[in-house]
Amino acid sequence: EVQLVESGGGLVQPGGSLRLSCVASGFSFGTTAMTWGRQAPGRTSIEWVSWIYSDGRQTDYADAVKGRFTTSRDNAKNTLYLQLDNLRTEDTGTYYCIRGLNVFGTRGQGTQVTVSS
């Protein structure tokens, strides 16, 4: 059974930082590209944030987060990371790690990020 468990969310002031983690199990994590997505309050769709190839050498980011967020992975620990820096109020939402290269794959339960002063 594929399982993805996110953690690391919380309440942070604008300009602050958080580091999200996602522990994967039930599939070959080390050979699977992964995606981070987020769902803003009141929205039903999941917005693509970033993806990372299986070997971690290639990444891409949405324009809204480019230069502020960094995704990485530790295949030995079956763990995906998202470093969120210089957070803005519009970054508030539920963040999901998703199996594959788009937002339509299997995802975890999400972790809540709230940016507010």
# chains A, B, ... in the order shown; residues from 1 in each chain; ligands from 1
$ select_by_dssp --residues "chain A" --states "helix (DSSP H, G or I)" --output "VMD selection string"
chain A and resid 29 to 31 75 to 77 89 to 91
$ select_by_dssp --residues "chain A" --states "strand (DSSP E or B)" --output "JSON, numbers by chain"
{"A": [3, 4, 5, 6, 7, 10, 11, 12, 18, 19, 20, 21, 22, 23, 24, 25, 34, 35, 36, 37, 38, 39, 47, 48, 49, 50, 51, 52, 59, 60, 61, 69, 70, 71, 72, 73, 74, 79, 80, 81, 82, 83, 84, 93, 94, 95, 96, 97, 98, 99, 107, 111, 112, 113, 114, 115]}
$ residues_around --residues "Ile52 (chain A)" --least-positions-apart "6" --cutoff "10 Å" --atoms "only C-alpha atoms" --output "list of chain:residue names"
A:Thr32, A:Ala33, A:Met34, A:Thr35, A:Trp36, A:Gln58, A:Thr59, A:Asp60, A:Tyr61, A:Thr70, A:Thr71, A:Ser72, A:Arg73, A:Leu80, A:Gly100, A:Leu101
$ residues_around --residues "Thr89 (chain A)" --least-positions-apart "2" --cutoff "8 Å" --atoms "only C-alpha atoms" --output "JSON, numbers by chain"
{"A": [14, 87, 91, 92, 114, 115, 116]}
$ closest_residue --among "A:Val12, A:Gln109, A:Leu18, A:Glu6" --to "Arg68 (chain A)" --atoms "only C-alpha atoms"
A:Leu18
